[in-house]
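The data block below is start_2.cif; it holds mmCIF, C-alpha atoms.
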```
data_data
#
loop_
_atom_site.label_atom_id
_atom_site.label_comp_id
_atom_site.auth_asym_id
_atom_site.auth_seq_id
_atom_site.Cartn_x
_atom_site.Cartn_y
_atom_site.Cartn_z
CA MET A 1 -62.82 -30.36 43.32
CA THR A 2 -61.63 -31.21 46.79
CA MET A 3 -60.74 -28.34 49.03
CA THR A 4 -57.16 -28.93 50.08
CA GLU A 5 -56.37 -28.12 53.67
CA ARG A 6 -53.14 -26.85 55.09
CA LEU A 7 -51.50 -29.85 56.71
CA SER A 8 -48.65 -29.98 59.19
CA GLU A 9 -45.66 -32.22 58.59
CA GLN A 10 -47.00 -34.51 61.32
CA GLN A 11 -50.41 -34.78 59.61
CA ILE A 12 -48.84 -35.52 56.22
CA GLY A 13 -46.64 -38.20 57.79
CA ASP A 14 -49.62 -39.82 59.52
CA ARG A 15 -51.77 -39.84 56.40
CA LEU A 16 -48.96 -41.27 54.25
CA ALA A 17 -48.32 -43.96 56.89
CA ALA A 18 -51.98 -44.96 56.69
CA ILE A 19 -51.62 -45.73 52.96
CA ALA A 20 -48.02 -47.05 53.11
CA HIS A 21 -49.14 -50.61 52.31
CA ARG A 22 -50.59 -49.31 49.05
CA LEU A 23 -47.35 -47.53 48.11
CA ALA A 24 -44.86 -50.36 48.63
CA PRO A 25 -45.35 -54.08 49.24
CA ASP A 26 -45.00 -55.05 52.91
CA ALA A 27 -44.49 -51.44 54.05
CA SER A 28 -46.18 -50.84 57.38
CA GLY A 29 -45.19 -47.19 57.70
CA ILE A 30 -43.12 -44.44 56.17
CA HIS A 31 -39.84 -42.82 57.17
CA GLY A 32 -37.53 -39.97 56.29
CA LEU A 33 -40.27 -37.44 55.44
CA GLU A 34 -38.62 -34.24 54.26
CA ARG A 35 -39.97 -31.18 52.43
CA LEU A 36 -38.03 -30.55 49.21
CA THR A 37 -39.61 -27.41 47.79
CA GLY A 38 -41.43 -24.63 49.53
CA GLY A 39 -43.50 -23.00 46.82
CA ALA A 40 -46.46 -20.93 47.98
CA SER A 41 -49.00 -23.44 46.71
CA MET A 42 -47.15 -26.54 45.46
CA GLU A 43 -45.49 -28.84 47.97
CA THR A 44 -43.00 -31.56 47.13
CA TRP A 45 -42.06 -34.05 49.87
CA ALA A 46 -39.53 -36.90 49.83
CA PHE A 47 -40.08 -40.00 51.96
CA ALA A 48 -39.64 -43.76 51.91
CA ALA A 49 -42.06 -46.65 52.31
CA GLY A 50 -40.21 -49.90 52.96
CA ASP A 51 -37.24 -49.82 50.59
CA ASP A 52 -38.94 -47.57 48.07
CA ALA A 53 -37.84 -43.93 47.77
CA LEU A 54 -40.92 -41.87 46.92
CA ILE A 55 -42.08 -38.31 46.24
CA LEU A 56 -45.39 -36.76 47.28
CA ARG A 57 -46.63 -33.82 45.22
CA ARG A 58 -49.57 -31.96 46.72
CA ARG A 59 -51.17 -28.58 46.52
CA ALA A 60 -51.74 -26.66 49.72
CA GLU A 61 -54.43 -24.49 48.17
CA PRO A 62 -57.31 -25.39 45.89
CA ALA A 63 -56.31 -25.21 42.26
CA GLU A 64 -58.35 -24.58 39.16
CA PRO A 65 -59.64 -27.91 37.83
CA ALA A 66 -57.57 -27.47 34.65
CA ALA A 67 -54.38 -27.49 36.74
CA SER A 68 -55.17 -30.42 39.02
CA LEU A 69 -52.29 -32.62 40.10
CA ALA A 70 -54.40 -35.74 39.44
CA ARG A 71 -54.57 -34.66 35.81
CA GLU A 72 -50.81 -34.04 35.75
CA ALA A 73 -50.28 -37.56 37.17
CA ARG A 74 -52.51 -39.13 34.50
CA VAL A 75 -50.43 -37.40 31.82
CA ILE A 76 -47.20 -38.74 33.35
CA GLU A 77 -48.70 -42.27 33.46
CA ALA A 78 -49.71 -42.05 29.82
CA ALA A 79 -46.28 -40.69 28.83
CA VAL A 80 -44.43 -43.44 30.71
CA ALA A 81 -46.64 -46.05 28.99
CA ALA A 82 -45.62 -44.47 25.65
CA GLY A 83 -41.92 -44.87 26.45
CA VAL A 84 -41.06 -41.44 27.91
CA PRO A 85 -38.47 -41.54 30.69
CA ALA A 86 -40.42 -40.00 33.59
CA PRO A 87 -41.05 -40.96 37.23
CA GLU A 88 -43.47 -43.85 37.66
CA VAL A 89 -46.71 -42.70 39.31
CA VAL A 90 -47.36 -44.97 42.30
CA ARG A 91 -50.69 -43.54 43.44
CA ILE A 92 -53.09 -40.77 42.48
CA CYS A 93 -54.51 -39.95 45.88
CA PRO A 94 -58.30 -40.26 46.17
CA PRO A 95 -60.07 -37.86 48.59
CA ALA A 96 -60.19 -40.64 51.24
CA ASP A 97 -56.38 -40.41 51.59
CA GLY A 98 -56.87 -37.00 53.18
CA LEU A 99 -53.94 -35.52 51.28
CA GLY A 100 -56.00 -33.33 48.96
CA ASP A 101 -54.98 -32.77 45.34
CA ALA A 102 -51.96 -35.07 45.43
CA TYR A 103 -50.08 -37.99 43.92
CA VAL A 104 -47.11 -40.17 44.84
CA MET A 105 -44.33 -41.03 42.39
CA ARG A 106 -41.07 -42.91 42.51
CA ARG A 107 -38.02 -40.86 43.47
CA LEU A 108 -35.20 -41.02 40.92
CA ALA A 109 -31.55 -40.06 41.29
CA GLY A 110 -29.86 -37.48 39.08
CA GLU A 111 -28.95 -33.82 38.56
CA THR A 112 -31.53 -31.18 37.67
CA LEU A 113 -29.46 -27.98 37.98
CA GLY A 114 -29.29 -26.62 34.43
CA ARG A 115 -25.96 -24.86 34.87
CA ARG A 116 -24.20 -28.00 36.11
CA ILE A 117 -25.67 -30.05 33.26
CA ALA A 118 -24.52 -27.44 30.72
CA THR A 119 -21.06 -26.70 32.11
CA ASP A 120 -19.74 -29.15 34.74
CA ALA A 121 -16.86 -31.26 33.40
CA ALA A 122 -18.35 -34.33 35.13
CA PHE A 123 -21.36 -34.10 32.78
CA ALA A 124 -19.34 -34.14 29.52
CA PRO A 125 -20.35 -37.78 28.78
CA ALA A 126 -24.02 -36.91 29.36
CA ARG A 127 -23.79 -33.80 27.13
CA ALA A 128 -22.50 -35.94 24.24
CA ARG A 129 -25.81 -37.82 24.09
CA LEU A 130 -28.36 -35.63 25.82
CA ALA A 131 -29.72 -33.69 22.81
CA ARG A 132 -30.42 -36.93 20.94
CA GLN A 133 -32.07 -38.42 24.06
CA CYS A 134 -34.21 -35.29 24.42
CA GLY A 135 -35.30 -35.70 20.80
CA ALA A 136 -36.34 -39.30 21.44
CA ALA A 137 -38.18 -38.37 24.66
CA LEU A 138 -40.03 -35.59 22.80
CA ALA A 139 -41.02 -37.95 19.96
CA HIS A 140 -42.55 -40.29 22.56
CA ILE A 141 -44.30 -37.43 24.39
CA HIS A 142 -45.77 -36.16 21.12
CA ALA A 143 -46.97 -39.69 20.24
CA THR A 144 -48.68 -40.17 23.64
CA PRO A 145 -52.48 -40.40 23.43
CA PRO A 146 -53.53 -37.40 25.57
CA PRO A 147 -55.72 -38.09 28.62
CA ALA A 148 -59.09 -36.33 28.64
CA GLY A 149 -59.50 -32.82 29.96
CA LEU A 150 -56.41 -31.09 28.58
CA GLU A 151 -56.57 -27.58 27.20
CA THR A 152 -55.68 -27.01 23.53
CA ILE A 153 -53.42 -23.98 22.95
CA ASP A 154 -51.86 -23.16 19.57
CA ALA A 155 -49.32 -20.51 18.59
CA ALA A 156 -51.94 -17.88 17.75
CA ALA A 157 -53.70 -18.34 21.12
CA THR A 158 -50.38 -18.22 23.01
CA LEU A 159 -49.37 -15.06 21.21
CA ALA A 160 -52.74 -13.38 21.80
CA ARG A 161 -52.55 -14.24 25.50
CA TYR A 162 -49.07 -12.75 25.90
CA GLU A 163 -49.83 -9.68 23.79
CA ARG A 164 -52.87 -8.93 25.98
CA THR A 165 -50.73 -9.19 29.11
CA TRP A 166 -48.07 -6.99 27.51
CA ARG A 167 -50.59 -4.30 26.53
CA GLU A 168 -51.99 -4.30 30.06
CA SER A 169 -48.52 -3.64 31.46
CA GLY A 170 -48.39 -0.36 29.52
CA ALA A 171 -44.68 -0.85 28.86
CA VAL A 172 -43.10 0.89 25.84
CA ARG A 173 -40.34 -1.28 24.37
CA PRO A 174 -39.94 -1.26 20.58
CA THR A 175 -38.09 -4.62 20.56
CA ILE A 176 -41.00 -6.42 22.23
CA GLU A 177 -43.39 -4.75 19.79
CA ALA A 178 -41.17 -5.89 16.89
CA ALA A 179 -41.24 -9.46 18.24
CA PHE A 180 -45.05 -9.54 18.28
CA ARG A 181 -45.21 -8.18 14.73
CA TRP A 182 -42.45 -10.57 13.55
CA LEU A 183 -44.41 -13.52 14.95
CA GLU A 184 -47.78 -12.37 13.65
CA VAL A 185 -46.76 -12.83 10.00
CA ARG A 186 -45.08 -16.16 10.72
CA LEU A 187 -47.97 -17.98 12.39
CA PRO A 188 -48.56 -21.28 10.59
CA SER A 189 -50.93 -20.73 7.65
CA ALA A 190 -51.75 -24.44 7.30
CA PRO A 191 -53.25 -26.40 10.21
CA VAL A 192 -50.64 -27.97 12.51
CA ALA A 193 -51.22 -31.52 13.84
CA MET A 194 -51.84 -30.94 17.54
CA ARG A 195 -50.23 -33.36 20.00
CA LEU A 196 -49.67 -33.84 23.68
CA VAL A 197 -46.89 -31.39 24.59
CA HIS A 198 -44.96 -31.16 27.84
CA GLY A 199 -45.27 -27.37 27.98
CA ASP A 200 -42.10 -26.69 30.01
CA PHE A 201 -39.51 -28.90 28.31
CA ARG A 202 -36.20 -27.21 29.11
CA ASN A 203 -32.85 -27.65 30.79
CA GLY A 204 -33.72 -27.41 34.50
CA ASN A 205 -36.72 -29.71 34.19
CA LEU A 206 -34.63 -32.69 33.05
CA MET A 207 -33.05 -35.17 35.45
CA VAL A 208 -29.64 -36.16 34.14
CA ASP A 209 -27.03 -38.75 35.08
CA PRO A 210 -23.42 -37.58 34.45
CA HIS A 211 -22.68 -40.68 32.36
CA SER A 212 -25.87 -42.15 30.95
CA GLY A 213 -27.58 -38.81 30.30
CA LEU A 214 -31.36 -38.38 30.45
CA VAL A 215 -32.96 -40.11 33.47
CA ALA A 216 -36.37 -38.47 33.50
CA VAL A 217 -38.47 -35.60 32.19
CA LEU A 218 -39.92 -33.72 35.20
CA ASP A 219 -42.34 -30.85 35.95
CA TRP A 220 -45.39 -31.66 33.87
CA GLU A 221 -47.74 -29.03 35.30
CA LEU A 222 -47.96 -26.98 32.07
CA THR A 223 -48.77 -29.98 29.85
CA HIS A 224 -51.46 -29.38 27.22
CA ILE A 225 -52.40 -30.14 23.63
CA GLY A 226 -50.43 -28.02 21.22
CA ASP A 227 -47.90 -27.71 18.41
CA PRO A 228 -45.06 -30.23 18.98
CA ALA A 229 -42.61 -27.54 17.81
CA GLU A 230 -43.46 -25.66 21.03
CA ASP A 231 -41.45 -28.10 23.15
CA ILE A 232 -38.47 -28.01 20.76
CA GLY A 233 -38.46 -24.21 20.52
CA TRP A 234 -38.65 -23.81 24.32
CA ILE A 235 -35.56 -25.92 25.06
CA CYS A 236 -33.76 -23.86 22.36
CA THR A 237 -34.65 -20.53 24.03
CA ASN A 238 -31.43 -18.80 25.09
CA SER A 239 -32.79 -18.14 28.61
CA TRP A 240 -32.33 -21.88 29.24
CA ARG A 241 -28.79 -22.22 27.85
CA PHE A 242 -27.17 -21.25 31.15
CA GLY A 243 -24.41 -19.09 29.71
CA GLN A 244 -23.67 -21.42 26.77
CA PRO A 245 -25.32 -19.67 23.80
CA GLY A 246 -23.28 -21.72 21.30
CA HIS A 247 -25.25 -24.83 22.24
CA ARG A 248 -28.75 -24.13 21.06
CA VAL A 249 -30.38 -27.06 22.85
CA GLY A 250 -30.38 -26.25 26.57
CA GLY A 251 -26.75 -25.04 26.50
CA PHE A 252 -25.60 -28.64 26.13
CA GLY A 253 -26.33 -29.82 22.58
CA ASN A 254 -27.25 -28.91 19.04
CA LEU A 255 -30.55 -28.94 17.23
CA ASP A 256 -29.48 -31.38 14.50
CA ASP A 257 -28.79 -34.03 17.16
CA LEU A 258 -32.13 -33.39 18.86
CA LEU A 259 -33.96 -33.64 15.52
CA ALA A 260 -32.06 -36.84 14.62
CA GLY A 261 -33.13 -38.39 17.94
CA TYR A 262 -36.68 -37.18 17.29
CA ARG A 263 -36.80 -38.69 13.80
CA ASP A 264 -35.18 -42.00 14.85
CA ALA A 265 -37.81 -42.40 17.59
CA GLY A 266 -40.61 -41.98 15.07
CA GLY A 267 -41.24 -38.24 15.37
CA GLU A 268 -42.85 -36.46 12.42
CA ALA A 269 -40.83 -34.01 10.34
CA ILE A 270 -41.06 -30.47 11.79
CA ASP A 271 -40.47 -27.34 9.73
CA PRO A 272 -37.40 -25.57 11.25
CA LEU A 273 -39.22 -22.25 10.78
CA ARG A 274 -41.80 -23.40 13.35
CA ILE A 275 -38.98 -24.10 15.79
CA ASP A 276 -37.70 -20.52 15.23
CA LEU A 277 -41.24 -19.28 15.77
CA TRP A 278 -41.57 -21.08 19.11
CA GLN A 279 -38.09 -20.05 20.19
CA MET A 280 -39.14 -16.44 19.58
CA ILE A 281 -42.35 -17.04 21.54
CA GLY A 282 -40.16 -18.48 24.31
CA SER A 283 -38.04 -15.31 24.54
CA LEU A 284 -41.15 -13.17 24.39
CA LYS A 285 -42.77 -15.20 27.21
CA TRP A 286 -39.73 -14.61 29.39
CA GLY A 287 -39.80 -10.91 28.55
CA VAL A 288 -43.49 -10.60 29.44
CA MET A 289 -42.93 -12.57 32.67
CA THR A 290 -40.21 -10.13 33.75
CA THR A 291 -42.63 -7.22 33.35
CA LEU A 292 -45.20 -9.06 35.49
CA MET A 293 -42.49 -9.45 38.15
CA HIS A 294 -41.75 -5.74 37.94
CA ALA A 295 -45.47 -4.93 38.15
CA SER A 296 -45.83 -6.86 41.42
CA PHE A 297 -42.86 -4.92 42.85
CA ALA A 298 -44.29 -1.61 41.62
CA ALA A 299 -47.63 -2.44 43.27
CA ASP A 300 -45.96 -3.15 46.61
CA PRO A 301 -42.30 -2.01 46.88
CA SER A 302 -42.12 -3.28 50.46
CA ILE A 303 -41.75 -6.88 49.14
CA GLY A 304 -38.04 -6.21 48.58
CA PRO A 305 -35.97 -5.68 45.43
CA GLU A 306 -35.92 -9.25 44.04
CA ARG A 307 -38.77 -8.78 41.58
CA ALA A 308 -37.49 -5.32 40.63
CA VAL A 309 -34.17 -6.90 39.65
CA ILE A 310 -36.00 -9.55 37.59
CA GLY A 311 -37.74 -6.64 35.82
CA ARG A 312 -34.28 -5.59 34.64
CA ARG A 313 -33.89 -8.95 32.89
CA LEU A 314 -36.26 -7.86 30.11
CA SER A 315 -33.08 -6.78 28.31
CA GLU A 316 -32.00 -10.46 28.12
CA ALA A 317 -35.16 -11.34 26.23
CA GLU A 318 -34.65 -8.32 23.98
CA ALA A 319 -31.12 -9.36 23.05
CA ASP A 320 -32.38 -12.87 22.26
CA ILE A 321 -35.26 -11.48 20.20
CA VAL A 322 -32.96 -9.28 18.10
CA ALA A 323 -30.59 -12.24 17.58
CA ILE A 324 -33.47 -14.34 16.21
CA ILE A 325 -34.63 -11.53 13.87
CA GLU A 326 -31.01 -11.08 12.66
CA ARG A 327 -30.57 -14.80 12.06
CA SER A 328 -33.83 -15.15 10.19
CA ALA A 329 -32.97 -12.12 8.02
CA ARG A 330 -29.70 -13.84 7.01
CA GLN A 331 -31.45 -17.06 5.95
CA MET B 1 -34.54 5.68 30.03
CA ILE B 2 -35.14 2.24 31.46
CA THR B 3 -38.34 2.32 33.50
CA HIS B 4 -38.99 -1.33 34.43
CA PRO B 5 -38.00 -0.34 37.10
CA THR B 6 -36.13 3.00 37.08
CA ALA B 7 -32.76 3.35 38.81
CA GLN B 8 -34.47 5.45 41.47
CA ALA B 9 -37.07 2.73 42.13
CA LEU B 10 -34.29 0.13 42.48
CA VAL B 11 -32.42 2.22 45.06
CA GLU B 12 -35.64 3.04 46.93
CA GLY B 13 -36.63 -0.64 46.86
CA VAL B 14 -33.36 -1.61 48.54
CA ALA B 15 -33.57 1.19 51.11
CA ARG B 16 -37.15 0.33 51.97
CA TRP B 17 -36.38 -3.37 52.39
CA LEU B 18 -32.93 -3.26 54.05
CA PRO B 19 -33.38 -4.37 57.68
CA VAL B 20 -31.19 -2.26 59.95
CA ASP B 21 -31.08 -4.93 62.66
CA GLY B 22 -28.56 -6.97 60.62
CA SER B 23 -31.06 -9.80 60.05
CA ALA B 24 -30.58 -9.87 56.26
CA HIS B 25 -28.21 -12.39 54.81
CA GLY B 26 -27.27 -14.64 51.90
CA PHE B 27 -29.49 -14.56 48.86
CA ALA B 28 -31.48 -11.45 49.79
CA LEU B 29 -28.33 -9.39 50.34
CA ARG B 30 -26.87 -10.52 47.02
CA VAL B 31 -30.10 -9.45 45.31
CA ALA B 32 -29.88 -6.02 47.00
CA LYS B 33 -26.24 -5.62 45.95
CA ASN B 34 -27.22 -6.52 42.39
CA ALA B 35 -30.04 -3.94 42.45
CA LEU B 36 -27.63 -1.20 43.56
CA GLU B 37 -25.05 -2.18 40.94
CA ILE B 38 -27.69 -2.00 38.20
CA ALA B 39 -28.77 1.44 39.43
CA ALA B 40 -25.15 2.66 39.52
CA ARG B 41 -24.49 1.47 35.96
CA ASP B 42 -27.75 3.06 34.84
CA ILE B 43 -26.75 6.43 36.33
CA ALA B 44 -23.29 6.17 34.73
CA LEU B 45 -24.24 4.79 31.29
CA GLY B 46 -27.94 5.54 30.84
CA PRO B 47 -27.79 9.19 29.66
CA GLU B 48 -25.25 8.45 26.93
CA ALA B 49 -27.18 5.33 25.82
CA ASP B 50 -30.35 7.45 25.60
CA ARG B 51 -28.52 10.11 23.59
CA ARG B 52 -27.21 7.55 21.10
CA ALA B 53 -30.64 5.91 20.84
CA ALA B 54 -32.30 9.28 20.17
CA VAL B 55 -29.81 9.99 17.34
CA ARG B 56 -30.60 6.63 15.72
CA LEU B 57 -34.35 7.06 16.24
CA ARG B 58 -34.34 10.51 14.58
CA ALA B 59 -32.66 8.99 11.51
CA LEU B 60 -35.01 6.01 11.51
CA LEU B 61 -38.24 7.97 12.00
CA GLY B 62 -37.27 11.21 10.28
CA CYS B 63 -38.40 13.45 13.12
CA GLU B 64 -37.18 15.15 16.27
CA GLY B 65 -37.92 14.33 19.89
CA SER B 66 -36.63 12.79 23.08
CA ARG B 67 -35.82 9.10 23.27
CA ASP B 68 -38.98 8.37 25.21
CA ALA B 69 -41.19 10.21 22.72
CA LEU B 70 -39.45 8.59 19.74
CA ASP B 71 -39.68 5.12 21.36
CA ARG B 72 -43.44 5.64 21.59
CA LEU B 73 -43.58 6.74 17.98
CA LEU B 74 -41.56 3.70 16.89
CA VAL B 75 -43.96 1.38 18.73
CA GLU B 76 -46.86 3.05 16.87
CA ARG B 77 -45.07 2.68 13.52
CA LEU B 78 -44.52 -1.03 14.24
CA ARG B 79 -48.12 -1.53 15.30
CA ASP B 80 -49.59 0.20 12.26
CA GLY B 81 -47.22 -1.65 9.92
CA ALA B 82 -45.40 1.45 8.62
CA ILE B 83 -42.10 -0.16 9.70
CA ALA B 84 -41.71 -3.92 9.24
CA PRO B 85 -40.01 -5.76 12.11
CA ASP B 86 -37.18 -7.05 9.91
CA THR B 87 -36.29 -3.71 8.28
CA PRO B 88 -32.44 -3.68 8.33
CA GLU B 89 -32.17 -0.12 9.76
CA LEU B 90 -34.61 -1.04 12.52
CA VAL B 91 -32.80 -4.28 13.36
CA ALA B 92 -29.47 -2.40 13.52
CA HIS B 93 -31.05 0.11 15.92
CA LEU B 94 -32.62 -2.59 18.09
CA ARG B 95 -29.28 -4.46 18.24
CA ALA B 96 -27.50 -1.32 19.43
CA CYS B 97 -30.27 -0.72 22.02
CA ALA B 98 -30.05 -4.32 23.24
CA LEU B 99 -26.29 -4.12 23.71
CA ASP B 100 -26.50 -0.74 25.50
CA THR B 101 -29.32 -1.97 27.76
CA LEU B 102 -27.56 -5.24 28.60
CA ALA B 103 -24.41 -3.28 29.49
CA ILE B 104 -26.51 -1.59 32.18
CA ASP B 105 -28.86 -4.39 33.26
CA GLN B 106 -27.06 -7.72 32.79
CA PRO B 107 -23.51 -7.20 31.52
CA ARG B 108 -22.62 -10.87 32.01
CA TYR B 109 -25.58 -12.29 30.08
CA ALA B 110 -24.28 -14.67 27.38
CA HIS B 111 -26.19 -13.92 24.16
CA GLU B 112 -25.95 -14.54 20.41
CA LEU B 113 -25.83 -10.95 19.19
CA SER B 114 -22.96 -9.96 17.02
CA ILE B 115 -21.07 -7.22 18.84
CA ALA B 116 -20.02 -5.42 15.66
CA PRO B 117 -22.91 -4.12 13.55
CA SER B 118 -23.47 -6.75 10.88
CA ARG B 119 -24.31 -5.93 7.26
CA SER B 120 -27.81 -7.24 6.75
#
```

The structure in this file should be written as structure tokens.
Amino acid sequence: MTMTERLSEQQIGDRLAAIAHRLAPDASGIHGLERLTGGASMETWAFAAGDDALILRRRAEPAEPAASLAREARVIEAAVAAGVPAPEVVRICPPADGLGDAYVMRRLAGETLGRRIATDAAFAPARARLARQCGAALAHIHATPPPAGLETIDAAATLARYERTWRESGAVRPTIEAAFRWLEVRLPSAPVAMRLVHGDFRNGNLMVDPHSGLVAVLDWELTHIGDPAEDIGWICTNSWRFGQPGHRVGGFGNLDDLLAGYRDAGGEAIDPLRIDLWQMIGSLKWGVMTTLMHASFAADPSIGPERAVIGRRLSEAEADIVAIIERSARQ
Amino acid sequence: MITHPTAQALVEGVARWLPVDGSAHGFALRVAKNALEIAARDIALGPEADRRAAVRLRALLGCEGSRDALDRLLVERLRDGAIAPDTPELVAHLRACALDTLAIDQPRYAHELSIAPSRS
């Protein structure tokens, strides 16, 4: 594992310029370097080499080996080779590049704001086809031969992990308890064929063109080997419907269309009960995450009220959990 | 009572953060306003929501106690399997709790719950 140093914008520009000829033919330097996201550890930079618009993803702090960006890039390469619309990886940066844990990919054009995709009138043509396109993209992801070194996580392991975190929080909320118990008796009894899964496949991590629909599947850092129903259940989780609960898939489409796209692209049949299971896990995950946010506020109230307010979003997850229990009781 | 965080902790969190030199703006101020609005709704609606929840919990569990005590007992009953998570009376109670809590925390959240109690 390479220790990744903190680099100034000037240093990043210089080091990218030194490898520009490897990023685009005939490029002798780079231009237009601009920081896009300012996460505490992940950095995303836009720049151009010659005529090519590119993105640098790098980590400003050393990561655990299991979460390395080089590994993420290898998964994207494998997925693109399997027919998934995703940004082409131009270079996985070796240590000699001096950029640390980093890779360069092609920059694509499109919208990623979930609310616009779900509600903006300009995206109506995209919404008409997007669920089916998501189904096809998922079928290709789930058929991708996984690169070495990925963690395998099934439903039981996910549930155990979140229940442990929940217990540690000490919170008393009967609805969350009911969700754990509801899930416990619905875990798959027969072995599930484990596949490459994206791990964060939801509206907000999709790049969408208003007319043609799906441009690319982004944000692969949670990719692992798991139950393919995990990806389908997550994009159905109401937290990602952006105020459009009537459209189960990401607030823009319906599940039948997604499953038709999945089947037509060669995806295996998936028991709808497993999609319900993973949608419930999705709501539970969000609920547990809100309590972690509250816990960090409680530990240090001087950080400001943002995480306290997120703590008050546990009620969203609870409403979604009760809706899933109600629906399943009607079936 | 909602404790993650309490209304008091929300108000204190804003007071502790709020810079008096006028340097706060935009997103952070909107978050602070939201925190105060949640606290105000909690103070206005929380006691009645707790009273209703306690009435339902007494019927569900067959014993007396405050909402907090009965919530703890319900969690125990769920953990030890005495009450199954899809018991209709439980689901009706949890639906009512979810709607009361959302009315305080996130009244604009678009969800799939039936507003009228459904026959299950």

Selection in question (the file shown): the PyMOL selection byres ((chain A and resi 108) around 12). Which residues does it include, as a VMD selection string? chain A and resid 46 52 to 55 85 to 89 105 to 107 109 to 112 206 to 209 214 to 218

Given the choices B:Arg52, B:Lys33, B:Arg79, B:Arg16, which gets closest to Thr101 in chain B if the distance is worked out from only C-alpha atoms?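 Among the listed residues, B:Arg52 lies closest to Thr101 in chain B.
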
Suppose a student applies the PyMOL selection byres ((chain A and resi 241-252) around 10) to this structure; what residues should they get, written as a ChimeraX atom specification? /A:113-119,123-124,126-131,134,201-204,232-240,253-258,320 /B:108-113

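Going from CA of Ser296 in chain A to CA of Glu151 in chain A covers 27.3 Å.
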
Can you work out which one of B:Arg30, B:His93, B:His25, B:Arg67 has the shortest atom-to-atom distance to Glu48 in chain B, counting all atoms listed in the file? B:Arg67

List as an NGL selection string: which residues have an atom within 12 Å of (-36.5, 2.1, 49.1), counting all atoms listed in the file? (:A and (297-298 or 300-305 or 308)) or (:B and (7-19 or 32 or 35-36))

Surrounding residues of Thr152 in chain A excluding itself and chain neighbours under 4 positions, 9 Å, all atoms listed in the file, as a ChimeraX atom specification: /A:194,224-226

List, as an MDAnalysis selection string, every residue that the PyMOL selection byres ((chain B and resi 83) around 12) selects in the file provided. (chainID A and resid 174 177:178 181:182) or (chainID B and resid 60:61 73:82 84:91)

Calculate how many Å separate CA of Arg167 in chain A from CA of Gly282 in chain A, rounding to one decimal.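 Distance between the two atoms: 17.7 Å.
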
Generate the missing atoms of range 97-108 of chain B up to N, CA and C atoms and report them as a CSV table (one decimal), in the coordinates of the input.
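Below is the file part_10.csv, written as the result:
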```csv
chain,number,residue,atom,x,y,z
B,97,CYS,N,-29.5,-0.9,20.8
B,97,CYS,CA,-30.3,-0.7,22.0
B,97,CYS,C,-30.1,-1.9,23.0
B,98,ALA,N,-30.2,-3.1,22.4
B,98,ALA,CA,-30.0,-4.3,23.2
B,98,ALA,C,-28.7,-4.4,23.9
B,99,LEU,N,-27.6,-4.1,23.1
B,99,LEU,CA,-26.3,-4.1,23.7
B,99,LEU,C,-26.1,-3.0,24.8
B,100,ASP,N,-26.6,-1.8,24.5
B,100,ASP,CA,-26.5,-0.7,25.5
B,100,ASP,C,-27.3,-1.1,26.8
B,101,THR,N,-28.5,-1.7,26.6
B,101,THR,CA,-29.3,-2.0,27.8
B,101,THR,C,-28.7,-3.1,28.6
B,102,LEU,N,-28.2,-4.1,27.9
B,102,LEU,CA,-27.6,-5.2,28.6
B,102,LEU,C,-26.3,-4.7,29.4
B,103,ALA,N,-25.6,-3.8,28.8
B,103,ALA,CA,-24.4,-3.3,29.5
B,103,ALA,C,-24.8,-2.7,30.8
B,104,ILE,N,-26.0,-2.2,30.9
B,104,ILE,CA,-26.5,-1.6,32.2
B,104,ILE,C,-27.1,-2.7,33.1
B,105,ASP,N,-28.0,-3.5,32.5
B,105,ASP,CA,-28.9,-4.4,33.3
B,105,ASP,C,-28.2,-5.7,33.6
B,106,GLN,N,-27.6,-6.4,32.6
B,106,GLN,CA,-27.1,-7.7,32.8
B,106,GLN,C,-25.8,-7.9,32.0
B,107,PRO,N,-24.7,-7.2,32.4
B,107,PRO,CA,-23.5,-7.2,31.5
B,107,PRO,C,-22.9,-8.6,31.3
B,108,ARG,N,-23.2,-9.5,32.2
B,108,ARG,CA,-22.6,-10.9,32.0
B,108,ARG,C,-23.5,-11.8,31.2
```
